[in-house]
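Participant: Got run17.tsv for you, TSV, C-alpha atoms and all ligand atoms:
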```tsv
chain	number	residue	atom	x	y	z
A	1	VAL	CA	4.06	-15.76	-6.63
A	2	ALA	CA	5.89	-17.57	-9.39
A	3	ASP	CA	7.39	-14.39	-10.76
A	4	LYS	CA	8.45	-12.38	-7.72
A	5	LYS	CA	9.24	-8.73	-8.55
A	6	ARG	CA	11.29	-6.04	-6.85
A	7	ILE	CA	9.04	-3.01	-6.97
A	8	ALA	CA	10.02	0.58	-6.11
A	9	LEU	CA	7.10	2.86	-5.21
A	10	VAL	CA	8.21	6.47	-5.63
A	11	GLY	CA	5.83	8.58	-3.52
A	12	GLY	CA	4.95	5.29	-1.85
A	13	ALA	CA	4.36	6.52	1.72
A	14	GLY	CA	1.15	8.24	0.66
A	15	PHE	CA	-2.41	6.95	0.87
A	16	ILE	CA	-2.30	4.74	-2.23
A	17	GLY	CA	1.37	3.79	-1.95
A	18	HIS	CA	1.41	2.35	1.54
A	19	ASN	CA	-1.79	0.37	0.96
A	20	MET	CA	-0.37	-0.94	-2.30
A	21	ALA	CA	3.02	-1.86	-0.83
A	22	ILE	CA	1.29	-3.95	1.84
A	23	LYS	CA	-0.90	-5.66	-0.76
A	24	LEU	CA	2.10	-6.45	-2.99
A	25	ARG	CA	4.04	-7.79	-0.03
A	26	LEU	CA	1.18	-10.10	0.92
A	27	ALA	CA	1.09	-11.31	-2.68
A	28	GLY	CA	4.75	-12.35	-2.37
A	29	HIS	CA	6.48	-9.45	-4.14
A	30	GLU	CA	9.28	-7.28	-2.73
A	31	PRO	CA	8.10	-3.65	-2.47
A	32	PHE	CA	10.39	-0.74	-1.53
A	33	ILE	CA	9.13	2.74	-0.71
A	34	VAL	CA	10.90	5.95	-1.73
A	35	ASP	CA	9.25	9.10	-0.34
A	36	SER	CA	10.24	12.51	1.01
A	37	LEU	CA	7.35	12.46	3.51
A	38	GLY	CA	7.09	16.08	2.41
A	39	ILE	CA	3.73	16.47	0.67
A	40	ASN	CA	0.44	15.53	2.29
A	41	ASN	CA	2.52	13.58	4.80
A	42	TYR	CA	4.59	14.08	8.00
A	43	LEU	CA	6.27	17.36	7.06
A	44	SER	CA	3.16	19.15	5.86
A	45	VAL	CA	1.03	17.82	8.72
A	46	SER	CA	3.67	18.87	11.28
A	47	SER	CA	3.99	22.42	9.99
A	48	THR	CA	1.97	24.82	12.13
A	49	GLU	CA	1.92	27.44	9.36
A	50	GLU	CA	-1.28	25.90	8.12
A	51	ASP	CA	-4.37	25.55	10.27
A	52	ILE	CA	-5.23	21.84	10.10
A	53	PRO	CA	-8.31	21.13	12.21
A	54	ASN	CA	-7.68	17.39	12.41
A	55	ARG	CA	-3.93	17.48	12.89
A	56	LYS	CA	-3.92	15.09	15.84
A	57	TRP	CA	-5.93	12.50	13.94
A	58	TYR	CA	-3.72	12.81	10.85
A	59	LYS	CA	-0.64	12.17	12.94
A	60	THR	CA	-2.33	9.06	14.35
A	61	VAL	CA	-3.10	7.89	10.81
A	62	LEU	CA	0.46	8.51	9.61
A	63	ARG	CA	1.84	6.55	12.55
A	64	GLN	CA	-0.48	3.68	11.66
A	65	ARG	CA	0.89	3.69	8.11
A	66	GLN	CA	4.42	3.51	9.44
A	67	ASP	CA	3.58	0.71	11.91
A	68	LEU	CA	1.92	-1.36	9.20
A	69	LEU	CA	4.88	-0.92	6.85
A	70	GLU	CA	7.26	-1.92	9.60
A	71	MET	CA	5.21	-5.00	10.49
A	72	ALA	CA	5.17	-6.03	6.83
A	73	GLY	CA	8.95	-5.60	6.65
A	74	ILE	CA	8.79	-3.03	3.84
A	75	PRO	CA	11.92	-0.85	3.53
A	76	VAL	CA	11.30	2.92	3.43
A	77	TYR	CA	13.89	5.25	1.89
A	78	ILE	CA	13.41	8.92	2.80
A	79	GLN	CA	14.39	10.72	-0.39
A	80	ASP	CA	13.07	13.67	-2.36
A	81	ALA	CA	12.56	12.40	-5.90
A	82	ARG	CA	13.19	15.89	-7.33
A	83	GLU	CA	16.91	15.32	-6.69
A	84	TYR	CA	18.09	13.49	-9.77
A	85	HIS	CA	21.44	12.12	-8.54
A	86	ALA	CA	20.25	11.16	-5.09
A	87	LEU	CA	17.17	9.42	-6.50
A	88	SER	CA	19.28	7.52	-9.06
A	89	LYS	CA	21.56	6.36	-6.24
A	90	VAL	CA	18.65	5.10	-4.11
A	91	LEU	CA	17.05	3.32	-7.06
A	92	GLY	CA	20.46	1.91	-7.98
A	93	ASP	CA	20.65	0.37	-4.50
A	94	ILE	CA	17.12	-1.05	-4.71
A	95	LYS	CA	17.57	-2.41	-8.27
A	96	PRO	CA	13.84	-2.65	-8.98
A	97	ASP	CA	12.28	-4.64	-11.84
A	98	VAL	CA	9.23	-2.38	-11.66
A	99	ILE	CA	8.92	1.32	-10.78
A	100	ILE	CA	5.58	2.85	-9.82
A	101	LEU	CA	5.52	6.65	-9.91
A	102	LEU	CA	3.01	8.02	-7.41
A	103	ALA	CA	4.75	11.22	-6.23
A	104	ALA	CA	2.66	14.31	-6.94
A	105	VAL	CA	0.67	17.06	-5.34
A	106	SER	CA	-2.28	14.71	-5.56
A	107	HIS	CA	-5.04	17.25	-5.27
A	108	ALA	CA	-6.57	19.37	-8.07
A	109	ASP	CA	-7.51	22.19	-5.69
A	110	ARG	CA	-4.06	22.49	-4.15
A	111	SER	CA	-2.36	22.18	-7.55
A	112	ASN	CA	-4.33	25.07	-8.98
A	113	LYS	CA	-3.31	27.25	-6.04
A	114	ASP	CA	0.38	26.37	-6.29
A	115	PRO	CA	1.37	25.45	-9.86
A	116	PHE	CA	5.11	25.84	-9.33
A	117	THR	CA	5.34	23.32	-6.49
A	118	THR	CA	2.99	20.98	-8.30
A	119	PHE	CA	5.07	21.02	-11.47
A	120	ASP	CA	8.19	20.16	-9.52
A	121	HIS	CA	6.75	17.33	-7.44
A	122	SER	CA	4.80	15.84	-10.32
A	123	LEU	CA	6.77	16.26	-13.56
A	124	ARG	CA	10.33	16.67	-12.21
A	125	THR	CA	9.95	13.51	-10.12
A	126	LEU	CA	8.49	11.67	-13.12
A	127	GLU	CA	11.32	12.69	-15.43
A	128	ASN	CA	13.95	11.70	-12.87
A	129	ALA	CA	12.37	8.28	-12.36
A	130	LEU	CA	12.00	7.71	-16.11
A	131	ASP	CA	15.57	8.65	-16.78
A	132	TYR	CA	16.80	6.10	-14.25
A	133	SER	CA	14.41	3.49	-15.66
A	134	ARG	CA	15.25	3.71	-19.34
A	135	SER	CA	18.21	1.36	-19.21
A	136	CYS	CA	17.44	-1.08	-16.43
A	137	VAL	CA	13.74	-1.35	-15.52
A	138	SER	CA	11.38	-3.83	-17.15
A	139	HIS	CA	8.09	-2.06	-16.33
A	140	PHE	CA	7.29	1.58	-15.53
A	141	ILE	CA	3.84	2.26	-14.08
A	142	TYR	CA	2.59	5.85	-14.10
A	143	PHE	CA	-0.27	7.15	-11.96
A	144	SER	CA	-2.34	9.49	-14.10
A	145	SER	CA	-5.92	10.46	-13.25
A	146	SER	CA	-9.48	10.59	-14.54
A	147	MET	CA	-8.98	14.37	-14.59
A	148	VAL	CA	-7.19	14.04	-17.97
A	149	TYR	CA	-10.62	13.61	-19.60
A	150	GLY	CA	-11.83	17.06	-18.51
A	151	ASN	CA	-15.59	17.57	-18.64
A	152	PHE	CA	-17.23	14.28	-19.58
A	153	LYS	CA	-19.33	14.77	-22.71
A	154	GLU	CA	-21.14	11.49	-22.13
A	155	ALA	CA	-22.10	9.64	-18.96
A	156	SER	CA	-19.16	7.26	-19.44
A	157	VAL	CA	-15.61	7.49	-20.86
A	158	THR	CA	-13.32	4.78	-22.22
A	159	GLU	CA	-9.54	4.94	-22.70
A	160	GLU	CA	-10.27	5.91	-26.33
A	161	THR	CA	-12.20	9.04	-25.35
A	162	ILE	CA	-10.32	12.20	-26.36
A	163	CYS	CA	-8.63	13.88	-23.39
A	164	ASP	CA	-9.33	17.56	-22.78
A	165	PRO	CA	-7.83	18.36	-19.36
A	166	VAL	CA	-8.92	21.44	-17.36
A	167	GLY	CA	-6.62	23.13	-14.81
A	168	ILE	CA	-3.02	22.61	-13.63
A	169	TYR	CA	-3.33	19.17	-12.04
A	170	ALA	CA	-5.02	17.64	-15.07
A	171	ALA	CA	-2.67	19.30	-17.57
A	172	LEU	CA	0.37	17.98	-15.68
A	173	LYS	CA	-1.08	14.46	-15.54
A	174	PHE	CA	-1.74	14.56	-19.27
A	175	SER	CA	1.80	15.85	-19.96
A	176	GLY	CA	3.10	13.03	-17.76
A	177	GLU	CA	1.30	10.46	-19.91
A	178	LYS	CA	2.89	11.94	-23.05
A	179	ILE	CA	6.38	11.86	-21.54
A	180	VAL	CA	5.97	8.24	-20.44
A	181	LYS	CA	4.95	7.31	-23.99
A	182	ALA	CA	7.89	9.29	-25.39
A	183	TYR	CA	10.33	7.28	-23.26
A	184	ASN	CA	8.75	4.17	-24.68
A	185	GLN	CA	9.12	5.47	-28.25
A	186	VAL	CA	12.73	6.54	-27.80
A	187	PHE	CA	14.10	3.94	-25.36
A	188	ASP	CA	11.61	1.05	-25.63
A	189	LEU	CA	10.79	1.43	-21.94
A	190	PRO	CA	7.77	-0.84	-21.26
A	191	TYR	CA	5.06	1.15	-19.47
A	192	THR	CA	1.50	1.08	-18.17
A	193	ILE	CA	-0.52	4.24	-17.53
A	194	VAL	CA	-3.35	3.97	-15.00
A	195	ARG	CA	-6.19	6.44	-14.54
A	196	PRO	CA	-7.81	6.05	-11.13
A	197	SER	CA	-10.55	8.32	-9.77
A	198	ALA	CA	-12.18	9.42	-6.50
A	199	LEU	CA	-10.46	6.95	-4.24
A	200	TYR	CA	-11.44	6.46	-0.65
A	201	GLY	CA	-10.39	4.11	2.12
A	202	GLU	CA	-8.44	3.53	5.29
A	203	ARG	CA	-5.69	5.95	6.29
A	204	CYS	CA	-6.36	8.65	3.67
A	205	ILE	CA	-5.63	12.21	4.83
A	206	SER	CA	-6.22	13.98	1.52
A	207	GLN	CA	-9.56	15.43	2.63
A	208	ARG	CA	-11.49	14.21	-0.35
A	209	VAL	CA	-15.25	14.32	-0.10
A	210	GLY	CA	-15.90	10.86	1.39
A	211	GLN	CA	-13.33	11.40	4.15
A	212	LYS	CA	-14.49	14.95	4.94
A	213	PHE	CA	-18.08	13.78	5.30
A	214	ILE	CA	-17.25	11.04	7.80
A	215	GLU	CA	-15.01	13.31	9.88
A	216	ARG	CA	-17.65	16.03	10.00
A	217	ALA	CA	-20.28	13.52	10.97
A	218	LEU	CA	-18.05	12.19	13.75
A	219	ARG	CA	-17.58	15.72	15.09
A	220	GLY	CA	-21.31	16.44	14.87
A	221	GLU	CA	-20.76	19.12	12.20
A	222	THR	CA	-22.94	19.98	9.22
A	223	LEU	CA	-21.83	18.62	5.81
A	224	THR	CA	-21.44	21.10	2.96
A	225	VAL	CA	-22.22	19.87	-0.52
A	226	GLN	CA	-21.60	21.64	-3.84
A	227	GLY	CA	-24.71	22.22	-5.93
A	228	GLY	CA	-27.38	19.72	-4.92
A	229	GLY	CA	-24.96	16.80	-4.61
A	230	GLU	CA	-25.87	15.76	-8.15
A	231	ASP	CA	-22.21	15.56	-9.30
A	232	ARG	CA	-21.33	12.00	-10.17
A	233	LEU	CA	-17.98	10.42	-9.40
A	234	ASP	CA	-16.68	6.93	-9.98
A	235	PHE	CA	-15.92	6.37	-6.28
A	236	THR	CA	-13.34	3.63	-5.89
A	237	TYR	CA	-12.40	1.74	-2.76
A	238	ILE	CA	-8.66	1.42	-2.22
A	239	ASP	CA	-8.73	-2.42	-2.29
A	240	ASP	CA	-10.13	-2.43	-5.83
A	241	LEU	CA	-7.29	-0.20	-7.00
A	242	THR	CA	-4.54	-2.19	-5.28
A	243	HIS	CA	-5.96	-5.37	-6.81
A	244	GLY	CA	-5.92	-3.62	-10.21
A	245	ILE	CA	-2.27	-2.63	-9.83
A	246	GLN	CA	-1.34	-6.17	-8.88
A	247	GLN	CA	-3.00	-7.33	-12.11
A	248	VAL	CA	-1.04	-4.68	-14.05
A	249	ILE	CA	2.23	-5.99	-12.58
A	250	GLU	CA	1.48	-9.67	-13.06
A	251	HIS	CA	-0.34	-9.63	-16.40
A	252	PRO	CA	1.80	-9.36	-19.56
A	253	LYS	CA	-1.11	-7.80	-21.48
A	254	SER	CA	-0.77	-4.62	-19.41
A	255	ILE	CA	2.44	-3.66	-21.21
A	256	ASN	CA	2.29	-0.39	-23.18
A	257	GLU	CA	-1.38	0.11	-22.39
A	258	THR	CA	-3.50	2.72	-20.60
A	259	PHE	CA	-6.25	1.61	-18.22
A	260	ASN	CA	-9.06	3.23	-16.32
A	261	LEU	CA	-8.90	1.63	-12.87
A	262	THR	CA	-12.03	2.55	-10.93
A	263	TYR	CA	-15.08	0.71	-9.63
A	264	GLY	CA	-16.69	1.42	-12.99
A	265	GLU	CA	-19.88	3.25	-12.03
A	266	GLY	CA	-20.52	6.95	-11.48
A	267	ARG	CA	-22.47	7.64	-8.27
A	268	SER	CA	-23.82	10.96	-7.06
A	269	ILE	CA	-22.58	12.69	-3.94
A	270	ALA	CA	-26.19	12.66	-2.72
A	271	GLN	CA	-26.10	8.84	-2.87
A	272	MET	CA	-22.93	8.83	-0.79
A	273	ILE	CA	-24.64	11.04	1.78
A	274	GLU	CA	-27.60	8.67	1.96
A	275	ILE	CA	-25.27	5.82	2.90
A	276	LEU	CA	-23.56	8.01	5.49
A	277	GLN	CA	-26.91	8.98	7.02
A	278	GLU	CA	-27.69	5.33	7.68
A	279	HIS	CA	-24.71	5.37	10.06
A	280	PHE	CA	-25.10	8.95	11.33
A	281	PRO	CA	-28.87	9.59	11.35
A	282	ASP	CA	-28.55	13.11	12.84
A	283	VAL	CA	-26.12	14.52	10.30
A	284	LYS	CA	-27.22	17.78	8.61
A	285	VAL	CA	-26.41	18.90	5.06
A	286	GLU	CA	-25.94	22.43	3.71
A	287	LYS	CA	-25.61	23.44	0.03
A	288	LYS	CA	-22.91	25.71	-1.40
A	289	GLU	CA	-21.97	26.91	-4.89
A	290	ARG	CA	-20.27	24.54	-7.31
A	291	ASP	CA	-16.51	24.97	-8.01
A	292	LYS	CA	-16.30	25.92	-11.69
A	293	LEU	CA	-12.85	24.38	-12.18
A	294	MET	CA	-14.11	20.97	-11.14
A	295	PRO	CA	-15.00	19.15	-14.36
A	296	LYS	CA	-18.32	17.33	-14.69
A	297	ARG	CA	-17.51	13.65	-14.49
A	298	GLY	CA	-19.21	10.26	-14.34
A	299	THR	CA	-18.34	6.64	-15.07
A	300	LEU	CA	-14.94	5.44	-16.24
A	301	SER	CA	-15.52	2.26	-18.20
A	302	VAL	CA	-13.27	-0.51	-16.87
A	303	ASP	CA	-14.17	-2.99	-19.63
A	304	LYS	CA	-10.66	-2.87	-21.09
A	305	ALA	CA	-9.01	-3.77	-17.76
A	306	LYS	CA	-11.57	-6.53	-17.21
A	307	ARG	CA	-10.91	-7.93	-20.68
A	308	LEU	CA	-7.11	-7.69	-20.84
A	309	ILE	CA	-5.86	-8.11	-17.27
A	310	ASP	CA	-8.73	-9.83	-15.44
A	311	TYR	CA	-9.52	-6.78	-13.33
A	312	ASN	CA	-12.45	-7.58	-11.07
A	313	PRO	CA	-13.60	-4.72	-8.80
A	314	GLN	CA	-15.60	-5.84	-5.77
A	315	PHE	CA	-16.63	-2.74	-3.86
A	316	PRO	CA	-19.66	-0.63	-4.74
A	317	LEU	CA	-20.19	2.29	-2.31
A	318	GLU	CA	-22.64	0.17	-0.32
A	319	LYS	CA	-19.77	-2.15	0.55
A	320	GLY	CA	-16.60	-0.05	0.44
A	321	TYR	CA	-17.92	3.15	2.00
A	322	VAL	CA	-19.61	1.21	4.78
A	323	ARG	CA	-16.34	-0.56	5.54
A	324	TYR	CA	-14.57	2.81	5.63
A	325	ILE	CA	-17.20	4.28	7.98
A	326	GLU	CA	-16.89	1.31	10.32
A	327	TRP	CA	-13.11	1.62	10.39
A	328	TYR	CA	-13.43	5.32	11.24
A	329	LYS	CA	-15.91	4.70	14.05
A	330	LYS	CA	-13.55	2.21	15.62
A	331	GLU	CA	-10.22	4.04	15.15
A	332	TYR	CA	-11.40	7.61	15.72
A	333	ASN	CA	-12.94	6.74	19.06
A	334	PHE	CA	-9.94	4.63	19.98
A	335	ALA	CA	-7.67	7.64	19.30
A	336	GLY	CA	-9.76	9.52	21.85
A	337	LEU	CA	-10.78	12.27	19.41
A	401	LIG	N1	-6.32	9.49	-4.44
A	401	LIG	C1	-6.99	9.63	-5.58
A	401	LIG	O1	-8.23	9.71	-5.61
A	401	LIG	C2	-6.23	9.69	-6.89
A	401	LIG	C3	-6.96	9.67	-8.07
A	401	LIG	C4	-6.27	9.71	-9.28
A	401	LIG	C5	-4.89	9.76	-9.29
A	401	LIG	N2	-4.19	9.79	-8.12
A	401	LIG	C6	-2.72	9.86	-8.19
A	401	LIG	O2	-2.15	8.78	-7.46
A	401	LIG	C7	-0.91	9.18	-6.90
A	401	LIG	C8	-0.87	8.88	-5.40
A	401	LIG	O3	-1.97	9.54	-4.77
A	401	LIG	P1	-2.25	9.48	-3.21
A	401	LIG	O4	-3.70	9.62	-3.04
A	401	LIG	O5	-1.56	8.31	-2.61
A	401	LIG	O6	-1.55	10.83	-2.74
A	401	LIG	P2	-0.76	11.18	-1.41
A	401	LIG	O7	-0.69	12.66	-1.36
A	401	LIG	O8	-1.34	10.47	-0.24
A	401	LIG	O9	0.70	10.58	-1.66
A	401	LIG	C9	1.67	11.20	-2.44
A	401	LIG	C10	3.04	10.88	-1.83
A	401	LIG	O10	4.05	11.40	-2.69
A	401	LIG	C11	5.09	11.90	-1.90
A	401	LIG	N3	5.85	12.90	-2.68
A	401	LIG	C12	5.40	14.05	-3.24
A	401	LIG	N4	6.42	14.72	-3.81
A	401	LIG	C13	7.53	13.96	-3.60
A	401	LIG	C14	8.89	14.11	-3.96
A	401	LIG	N5	9.32	15.21	-4.59
A	401	LIG	N6	9.76	13.13	-3.61
A	401	LIG	C15	9.35	12.03	-2.92
A	401	LIG	N7	8.06	11.84	-2.56
A	401	LIG	C16	7.17	12.79	-2.89
A	401	LIG	C17	4.39	12.54	-0.71
A	401	LIG	O11	5.27	12.73	0.40
A	401	LIG	C18	3.27	11.55	-0.46
A	401	LIG	O12	3.63	10.59	0.51
A	401	LIG	C19	-0.74	10.65	-7.23
A	401	LIG	O13	0.06	10.77	-8.38
A	401	LIG	C20	-2.15	11.10	-7.53
A	401	LIG	O14	-2.17	12.22	-8.36
A	401	LIG	C21	-4.84	9.75	-6.92
```
Starting from the file, lay out its structure as structure tokens.
Facilitator:
Amino acid sequence: VADKKRIALVGGAGFIGHNMAIKLRLAGHEPFIVDSLGINNYLSVSSTEEDIPNRKWYKTVLRQRQDLLEMAGIPVYIQDAREYHALSKVLGDIKPDVIILLAAVSHADRSNKDPFTTFDHSLRTLENALDYSRSCVSHFIYFSSSMVYGNFKEASVTEETICDPVGIYAALKFSGEKIVKAYNQVFDLPYTIVRPSALYGERCISQRVGQKFIERALRGETLTVQGGGEDRLDFTYIDDLTHGIQQVIEHPKSINETFNLTYGEGRSIAQMIEILQEHFPDVKVEKKERDKLMPKRGTLSVDKAKRLIDYNPQFPLEKGYVRYIEWYKKEYNFAGL
């Protein structure tokens, strides 16, 4: 690229971060990962306190992440971003032009069960990264979420739709957006806020619905679906998001803006199951009660990102989910599971 950037991804060894670092590297940028490996990563997967049915597979996936990062020559700094001085020192060594803040307890369910930990890993890490950035970083990118909208009142939301978050995870994401904007008001820190949703793709271990379904199907287990599977989500394949973030970094019109970054079409869980059944014809489905804290959602309009930063998502479920299923069939069997 003409304008090569040094980019620090805080929380960058996670599902989104490692995929994004590889994408940015291939595009000619210089990504650096800062991560404690503590949440939804090596430390939590290694702890036997929790019963994790797929532990062996998750370890395989985490090793793959590490191998890919090593092959791409991406430096990884093991650092807890809650530690202000230590984080400032690491970032001072990296000297990034751009900081992307991904660290969080990235799961609404888990956040609601453990608000204290979530606050620390989400807002403390954000504040520490912002405070370092205010004097010497030219672009701060914050990972918010579609959860800030709360229950969708219409089938589709735009960035102008009023936010009404429900639950701990969503409230913290919304607070994070406000703090990022405050740093811009007070210190002129250039920022972009992104709101992704319902991501799926290679090497995710977050046990979101699309991943759970494939793993159950592979083990010959019955799928459980909340309600009748009528809930709609704007399922987004990881490659669409990483492309979107590259646009955010390279396009000057992203500065001081908020973008929905999804595929741009709400699809029902039942539709996802139909695609899965084409690849696992014997899979059975069982209904269970809907989780009341899960807001009713739908489409996030991506018109603004298309208009301002040439965002161009390529993967409807029929393409992205099928790719993901094929990857699983190959890797899961290869891992001898
Ligand atoms: N995956 C999705 O569908 C989705 C949707 C909307 C928003 N997001 C947001 O995107 C971001 C990344 O999500 P993900 O899916 O990659 O999650 P992930 O759980 O795979 O990755 C999060 C990473 O942050 C690291 N981390 C957490 N606390 C840390 C700390 N104190 N210091 C250093 N590192 C720390 C973890 O070790 C982990 O590697 C999160 O902020 C999440 O809330 C994700």
Participant: Report, as lines of an AutoDock Vina configuration file, the axis-aligned box around all atoms of segment 36-47 of chain A present in the file, extended by 8 Å on each side; give centre and edge lengths in Å to one decimal place.
Facilitator:
```
center_x = 5.3
center_y = 17.4
center_z = 6.0
size_x = 25.8
size_y = 26.0
size_z = 26.6
```
Participant: Every residue with an atom at most 12 Å from (21.1, -0.1, -18.1) (file coordinates; all atoms listed in the file) is what I'm after, so could you write them as a list in words?
Facilitator: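 With a cut-off of 12 Å, the residues come to Ser88, Gly92, Lys95, Pro96, Asp97, Asp131, Tyr132, Ser133, Arg134, Ser135, Cys136, Val137, Ser138, Phe187 and Leu189 of chain A.
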Participant: Could you tell me which of A:Leu300, A:Leu317, A:Val157, A:Leu91 comes closest to Ser268 of chain A if we count only C-alpha atoms?
Facilitator: A:Leu317
Participant: Around ligand LIG 401 (chain A), out to 8 Å and counting all atoms listed in the file, which residues are there? I want them as a PyMOL selection string.
Facilitator: chain A and resi 10-18+34-42+78-83+101-107+120-122+124-125+142-147+169+173+195-200+204-206+208+236
Participant: Point out the residue among A:Phe32, A:Asp188, A:Asp114, A:Asp109 with the least atom-to-atom distance to Tyr77 of chain A, counting only C-alpha atoms.
Facilitator: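 For Tyr77 of chain A, the nearest of the given residues is A:Phe32.
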Participant: Could you check the closest approach to Arg323 of chain A for each of A:Pro165, A:Gln246, A:Tyr84, A:Gly201 and tell me which residue wins, using only C-alpha atoms?
Facilitator: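 Checking each of A:Pro165, A:Gln246, A:Tyr84, A:Gly201 against Arg323 of chain A, counting only C-alpha atoms, the winner is A:Gly201.
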Participant: Between atom CA of Glu215 of chain A and atom CA of Asn54 of chain A, what is the spacing in Å?
Facilitator: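 Taking atom CA of Asn54 of chain A and atom CA of Glu215 of chain A, their separation equals 8.8 Å.
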Participant: To one decimal place in Å, what is the distance between atom CA of Ile238 of chain A and atom CA of Ala2 of chain A?
Facilitator: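 Answer for the atom CA of Ile238 of chain A to atom CA of Ala2 of chain A separation: 25.0 Å.
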Participant: So that I can see what lies close to His139 of chain A, please list as a PDB file with C-alpha atoms, in the frame of the given file the residues with an atom at most 6 Å from it, counting all atoms listed in the file and leaving out residues fewer than 2 positions away in the same chain.
Facilitator:
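Once written, part.pdb looks like this:
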```pdb
ATOM      1  CA  VAL A  98       9.230  -2.380 -11.660  1.00  0.00           C
ATOM      2  CA  VAL A 137      13.740  -1.350 -15.520  1.00  0.00           C
ATOM      3  CA  PRO A 190       7.770  -0.840 -21.260  1.00  0.00           C
ATOM      4  CA  TYR A 191       5.060   1.150 -19.470  1.00  0.00           C
TER       5      TYR A 191
END
```
Participant: I'd like the interatomic distance between atom CA of Met20 of chain A and atom CA of Thr242 of chain A, to a tenth of an Å.
Facilitator: 5.3 Å
Participant: From (-3.1, 17.7, 13.9), in the file's coordinates, out to 12 Å: which residues are reached, counting all atoms listed in the file? Answer as a list in words.
Facilitator: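 Within the cut-off we find Asn41, Tyr42, Leu43, Ser44, Val45, Ser46, Ser47, Thr48, Glu49, Glu50, Asp51, Ile52, Pro53, Asn54, Arg55, Lys56, Trp57, Tyr58, Lys59, Thr60, Val61, Leu62, Ile205 and Leu337 of chain A.
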Participant: From the list A:Ser254, A:Arg25, A:Leu123, A:Gln185, which residue is nearest Arg307 of chain A when using all atoms listed in the file?
Facilitator: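 Smallest distance to Arg307 of chain A is found for A:Ser254.
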Participant: Between segment 258-318 of chain A and segment 223-231 of chain A, at 6 Å or less, what are the per-residue closest atom pairs and their distances in Å? Count only C-alpha atoms, order by chain and rising residue number, and return it as a tab-separated table.
Facilitator:
```
residue	atom	partner	partner_atom	distance
A:Ser268	CA	A:Glu230	CA	5.3
A:Ile269	CA	A:Gly229	CA	4.8
A:Ala270	CA	A:Gly229	CA	4.7
A:Val285	CA	A:Leu223	CA	4.6
A:Glu286	CA	A:Thr224	CA	4.8
A:Lys287	CA	A:Val225	CA	5.0
A:Lys288	CA	A:Gln226	CA	4.9
A:Glu289	CA	A:Gln226	CA	5.4
A:Arg290	CA	A:Gln226	CA	4.7
```
Participant: Determine, counting only C-alpha atoms, which protein, DNA and RNA residues have an atom within 8 Å of an atom of Ile325 of chain A; residues of the same chain fewer than 3 positions away are not included. Present the result as a PyMOL selection string.
Facilitator: chain A and resi 214+276+279+321-322+328-329
Participant: Return the single residue from A:Asp303, A:Tyr311, A:Lys319, A:Ile255 that is closest to Ile275 of chain A, with distances computed using only C-alpha atoms.
Facilitator: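 When distances to Ile275 of chain A are compared using only C-alpha atoms, the smallest one comes from A:Lys319.
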Participant: Which residue out of A:Gly266, A:Lys23, A:Val186, A:Leu293 has the minimum interatomic distance to Asn112 of chain A when all atoms listed in the file are used?
Facilitator: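 Looking only at the distances to Asn112 of chain A, the closest residue turns out to be A:Leu293.
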Participant: May I have the residues within 7 Å of Leu241 of chain A as an mmCIF file with C-alpha atoms, in the coordinates of the input, using only C-alpha atoms and disregarding those fewer than 3 positions away in the same chain?
Facilitator:
```cif
data_model
loop_
_atom_site.group_PDB
_atom_site.id
_atom_site.type_symbol
_atom_site.label_atom_id
_atom_site.label_comp_id
_atom_site.auth_asym_id
_atom_site.auth_seq_id
_atom_site.Cartn_x
_atom_site.Cartn_y
_atom_site.Cartn_z
ATOM 1 C CA TYR A 237 -12.400 1.740 -2.760
ATOM 2 C CA ILE A 238 -8.660 1.420 -2.220
ATOM 3 C CA GLY A 244 -5.920 -3.620 -10.210
ATOM 4 C CA ILE A 245 -2.270 -2.630 -9.830
ATOM 5 C CA LEU A 261 -8.900 1.630 -12.870
ATOM 6 C CA THR A 262 -12.030 2.550 -10.930
#
```
